[in-house]
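Structure, as structure tokens:
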Amino acid sequence: MDPQALPWLVPLCPLIGFLINAFAGARLTKSPRPVVETGPLATAVTAAPSQNTGPSDGSQYDMNPAVIASGHDAAPHGATGGHGGHSGHGADVPLDKGGLGIVGGLATALVALGFVLSLMLFQAVQTAADHRVLSSAIQWMQVPSVGGMPALDLSFRLLVDPLSSLMLLIITGVGTLIHLYSMGYMSHDKGYARYFTYLNLFVFFMLLLVMGSNFLVMFVGWEGVGLASYLLIGYFYERKAATDAGKKAFIVNRIGDAALLIALFLIFQFFGTFEFFGAGGVLTEEGIAGALGNGYGSYAFIGTTAAVTLVPLLLFLGAAGKSAQIPLYVWLPDAMEGPTPVSALIHAATMVTGGVYLLARTHALFLMSPLTLTIVAVIGVTTAFLAATIALVQNDIKKVLAYSTVSQLGYMFLACGVGAFGVAMFHVTTHAFFKALLFLGAGSVIHAMDGEQDMRRMGGLRAKLPITFAAMLVGTLAISGFPLLAGFWSKDEILLSAFAGPAQNGLGSPWLWLAGFVVSGMTAFYMMRLMMKTFFGTARYDGATANYLHESPATMTLPLIVLAALSVVGGFLNAPAIGTHYFTDFLGETVGERELNAGGLGTTLLIASAALAIAVLGITFALYNRKKAGELSTDAQKQRNLLWRVLDNKWGVDQNYDRIFVRPGKRGAMYLWRTLDVRVFDGIVNGTAGLVRGLGEGIKGWQSGYVRSYALSMLVGVVLVVVASLIGLGVSLR
Amino acid sequence: MNQSVLTDLQALICPLVVIVLGMIVLLLDLGTGDGPARRRLIYFVSLGGLVAAALLAVANTTIPNAGVGVTPLTHFGGGMVADRFGGLFCIVLCIIAGLAITMSDRYLEEKSLNSGEYYALILFSTSGAMLMALAYDLVNIFVGLEILSVALYILSGFARRERRSEESAVKYFLLGSFASGFLLYGMALIYGAVGIALKNTGLLQPTGTSFTNLGVIARTIQESAETGGAPITASPLFIAGVALLIVGLAFKAAIVPFHSYAPDVYEGAPTPVTAFMSAAAKVGAFAALIRVFGILLPADNASIAQAAVPFHAVLWGLAAATIVVGNVLAIRQTNIKRMLAYSSIAHAGYILVGVLASSVPGASQNAKDAVIYYLFTYTFMNLGAFAMVIWLGRDGGEYTSIADYAGLAKQQPLAAAAMAVFMLSLAGIPPAAGFLAKLYVFTSAVQAGLTGLAVLALVVSVIGVYYYLNIIVAMYFRDPVNDFSSVRAGGARAAALLSAAATLLFGFIPAGVFSPTIQRDQPTAQPILGAAEKSPLPPAVAVVSPQP
């Protein structure tokens, strides 16, 4: 096969799935609808023709107030009518089982095909020159140089190097498993085809994001995954909480995206290109040298700051939006309103690591600004700490995992901030395994309990859901840093880098290490707490749920088993302590990796981490094992505890954002609406519309329908043209 | 001699094939009866012939355009020319005719119209537009224009049992004849001006050529400027002649104020005919306009580069008026065919901006490329939009009111998506091809120093977004009022989907044969059209090798 065509095939797979399901999916999954009476042309159809899917017919599925009030605030099936007799909605819409298999199977198979192609590319990258496989370029638009700006020359091109090859394997590999899982998880949902349409769309854009050979293609993917994320968070659009969460995610991401866009403009101004590599590419030495000659280093911004700092800082702000870092992390916990497999794929394994990918990709720009790197490290470790503390007191099983994700992403940014981009990517990889596993496990629990997400109404599930329990236990141990599991190796490398920093860059600090170390302990606590509350102790659910409880089908448990296995062995890809460096060797120069300079300290820190993880896991187990009800203290005790109140209140961040930004923003918007918009803009618009209308009235007079008046207007035109030309001649001769 | 006749025929192979094809179609139709089998035969013979004609025209696109230092390869005594420019226009015209025929099948059946005559007329009309693009003599341009127009007059009234169709044919015929008169008068004035100049400069009239030959005119312009006397381009007779020439061609392209026939004719004519004429007539007119401008008002040649200056204000005004009037009146329309008529007027205005830019030294080449690219993409999005109207009709009728399309997305998602593509492309929103077309034309205008006009065109085109999005809003956000469960589909669906695919594809991959980028990529790229050539008269009849 033409090696230049191969990269194109990877994103093509999910795109085909998206197109097929978008146009044929709804028809395939629903039983034939009653034939609408066909009348003569322009007969009004009185009955609303669509009783099935489609965004506009939501009104007939009113929200069930009981579901909302009883605290099932993210119950997927409760609101959309899933299981058996538990809820009656949607029962009138029989789904075509064969059609479901086609739609879901097609979507899954195409992503799996993408995985096979990614493996081929993985192979090709290792033998390619410079370890880069470039696709053929599709020339898009060209704008000649105007007013001193460089000529704009945009083309679609894909690049596969070790960094993107790694992301490809994660996206398509974990993506396939989660697609497979979704076939079971969503099988009762009436929007089945819509779900897989969105999911394939997401995979397509995510692949574009990591495969773009220039900032343009990357940005298309970047915005595309934002769109897919918005659609999937708001998937249960009949619930206000879901649509609100979708909007919140979209708007918060806009802030980061605006910064990213400004960074891209600045890059274009100084580099004159959007290409990463190749002649004069942004990330090449010549490119950076050229930009420095072009004023990149001395660009004065409010007097002192240079563009070398400004550009990576803006890039980081964009990454902070996508990857849920302070100050833009608030959308991710709310994003749990989406279906659980979506949380696993988009809001744990892939999209939210897009920001880490961006930093790793543009590390050449970041390494020029130690100030920016320090900011990244501090924000990363602060986010990790803050999110971990909030996770300590959450009762919603998905919320615990959501804050855990924010916390783990903080770790990754900490690694980037000390210049250890390869280590960050390593944690991206292992985190994709165990966090997807944990989310899918949580989904399996939720599925088994017909939408229950509150851990206070769980307990003692390990006997009923043995496979789920075993898998989640592996995930818990892995994320907590239990020795030899995946999270142990990757987290340890982050802590080690935080302590010392890669050789000669001087970015590491024992304080960063200490903060990370404390977070590591908290991680072990909240994860063990989750396990204990869910799987141990006494059963706290009602009788109906007890009758309903069942282990999930094979399509759901198989991905759990595979991910559990990966969470066990994934860490050995790069375990320096036992002498494996496959991961570092593979990524190599693409992330500017250097040797760690911790010397003999490494072993000490490794043992400290292991000891901490084992100790906290053990103590937590012991504490909860004594309290069969799953609560360490009574509600009254909690309320008296100031720290608990602060954490339960999530440090007041959401309220303060609401108070400082949202409400003043709304007030300001109202004010602007009343003054500027109504008086000025509406005035202009209405005035223009009036003018246009008046103009139209005036000109309409010509359009009388009489040939004689048309001929007259032509004659007038002829006279005008001839006279004006002759005048023009006179003017030009003078 | 035989050799040169063969070469002549080879150079004009595309229009010749189309004309012969039209005759074959007429002959096929002569047999008794009008059964479905015969209809299908005629349908596919026409389409197959057009594909062949387009493929044959591809060979001509490798012939360098006339330009400074490049002698045009003229044929038939200098009256016709074969070059890349003409070849590209022939291909575009084949696509237009092909799409128009494709979308006509069920429409003709339902209206029980004779398909043989209809397809033959479309083909004859197409050949006329091709001749306009290949003509190297004002008289030949006129002949091409009349072949194009006469067939169109008949086609407008083809649904002769409908009063609207008859009315549109009569209106089109009367006003078209009126405009042809001006065109001919302009040619006569140019003839006179050239003759006088030749006499004054003491140049002998070359035997076998006429004062209307573009090569003769070009040389006269050049030499009258070089001999130090008053250049012909400064003669009022010549200026008035060119002005009237502009008028005649502007009518065909529906430029304000010569556009007034367009909405009535577009609305009344059978829908596939409307689709065809909204593109074919414009392509023919703009091809001739650019060809004539490149010769009469040469921007590429330094010594007479100022020749176009007297027309700048006129063209500026015409373009601005066309854009404003087209967009403003389109807003008010409730009938989709009328709306598209005004929209096509607005698009003629954008194209005219490119034509104007092509008469400015320095920007000329990019502007010509931009205009070709614009016409190419316009073909797909405009014919596609009309194909949608046919696709969604049935029982011999169409939904012509914009409100009729409410809720279409719920019943026919694919149709709604295709329509949305056309509307977004017409509005100039990326990644549809219409965006790049506008980008190229406006960029060339800025390069030509026409920043004011470019800004005006941009601002006014925002109005266009309103009425295009109006249809999308109706399709996606309104509740259905009509039942689209049984629609005409057939060839119209094929034409619409093909056009939608092309509109998207060329938005992503503009670097086809028509792309301006090709020209810039090749350092030795030939200008599409050029200035006056310095070859001795009559222009040599060269043996054309189709290889580059």
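The way I read the labels, and the way they are meant: chains A, B, ... in the order of the structure tokens, residue 1 as the first residue of every chain, and ligand 1 as the first ligand shown, with later ones counted on from there.
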
- Can you tell me, as a list in words, what residues are no more than 7 Å from segment 117-120 of chain B when counting only C-alpha atoms, ignoring any on the same chain fewer than 4 positions away? Gly22, Met23, Val25, Leu26, Ile101 and Phe124 of chain B

Which chain B residues have any atom within 8 Å of an atom of chain A, and for each, what is the nearest pair of atoms with distance in Å to one decimal, counting only C-alpha atoms, rows sorted by chain and number, as a Markdown table?
```
| residue | atom | partner | partner_atom | distance |
| --- | --- | --- | --- | --- |
| B:Lys171 | CA | A:Val707 | CA | 6.3 |
| B:Leu174 | CA | A:Val707 | CA | 7.8 |
| B:Leu175 | CA | A:Ala711 | CA | 6.6 |
| B:Phe178 | CA | A:Ala711 | CA | 7.7 |
| B:Ala234 | CA | A:Leu729 | CA | 6.8 |
| B:Pro236 | CA | A:Leu726 | CA | 6.5 |
| B:Ile239 | CA | A:Leu726 | CA | 6.6 |
| B:Ala240 | CA | A:Val722 | CA | 5.7 |
| B:Ala243 | CA | A:Val722 | CA | 5.4 |
| B:Leu244 | CA | A:Val722 | CA | 6.9 |
| B:Val247 | CA | A:Val718 | CA | 6.5 |
| B:Pro257 | CA | A:Gly717 | CA | 5.8 |
| B:Phe258 | CA | A:Met714 | CA | 5.3 |
| B:Ser260 | CA | A:Tyr710 | CA | 5.9 |
| B:Tyr261 | CA | A:Tyr710 | CA | 7.0 |
| B:Asp264 | CA | A:Gly705 | CA | 7.2 |
| B:Val309 | CA | A:Ser732 | CA | 6.6 |
| B:Pro310 | CA | A:Gly728 | CA | 4.0 |
| B:Phe311 | CA | A:Ser725 | CA | 5.4 |
| B:His312 | CA | A:Gly728 | CA | 7.8 |
| B:Ala313 | CA | A:Gly728 | CA | 7.0 |
| B:Val314 | CA | A:Ala724 | CA | 6.1 |
| B:Val325 | CA | A:Ile699 | CA | 7.8 |
| B:Val328 | CA | A:Val692 | CA | 6.2 |
| B:Leu329 | CA | A:Gly696 | CA | 5.7 |
| B:Arg332 | CA | A:Gly696 | CA | 7.6 |
| B:Gly393 | CA | A:Leu41 | CA | 7.9 |
| B:Arg394 | CA | A:Leu41 | CA | 7.0 |
| B:Asp395 | CA | A:Leu41 | CA | 7.2 |
| B:Gly397 | CA | A:Leu41 | CA | 7.2 |
| B:Glu398 | CA | A:Leu41 | CA | 7.9 |
| B:Tyr399 | CA | A:Ala42 | CA | 7.3 |
| B:Asp404 | CA | A:Ala42 | CA | 7.5 |
| B:Lys410 | CA | A:Ser50 | CA | 7.3 |
| B:Gln411 | CA | A:Pro49 | CA | 8.0 |
| B:Pro413 | CA | A:Phe23 | CA | 6.7 |
| B:Leu414 | CA | A:Phe23 | CA | 6.6 |
| B:Leu436 | CA | A:Met141 | CA | 7.1 |
| B:Tyr440 | CA | A:Val143 | CA | 7.8 |
| B:Thr443 | CA | A:Val143 | CA | 7.1 |
| B:Pro480 | CA | A:Val45 | CA | 7.4 |
| B:Val481 | CA | A:Ala44 | CA | 5.0 |
| B:Asn482 | CA | A:Ala44 | CA | 4.9 |
| B:Asp483 | CA | A:Val45 | CA | 6.0 |
| B:Ser485 | CA | A:Thr38 | CA | 7.2 |
| B:Ser486 | CA | A:Thr38 | CA | 7.1 |
| B:Gly507 | CA | A:Trp140 | CA | 7.9 |
| B:Phe508 | CA | A:Trp140 | CA | 6.1 |
| B:Ile509 | CA | A:Trp140 | CA | 6.0 |
| B:Pro510 | CA | A:Trp140 | CA | 6.2 |
| B:Ala511 | CA | A:Gln139 | CA | 6.3 |
| B:Thr517 | CA | A:Gln142 | CA | 7.2 |
```

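Across A:Phe439, A:Phe385, A:Tyr582, A:Phe433, the tightest approach to Trp513 of chain A is made by A:Phe385 when counting only C-alpha atoms.
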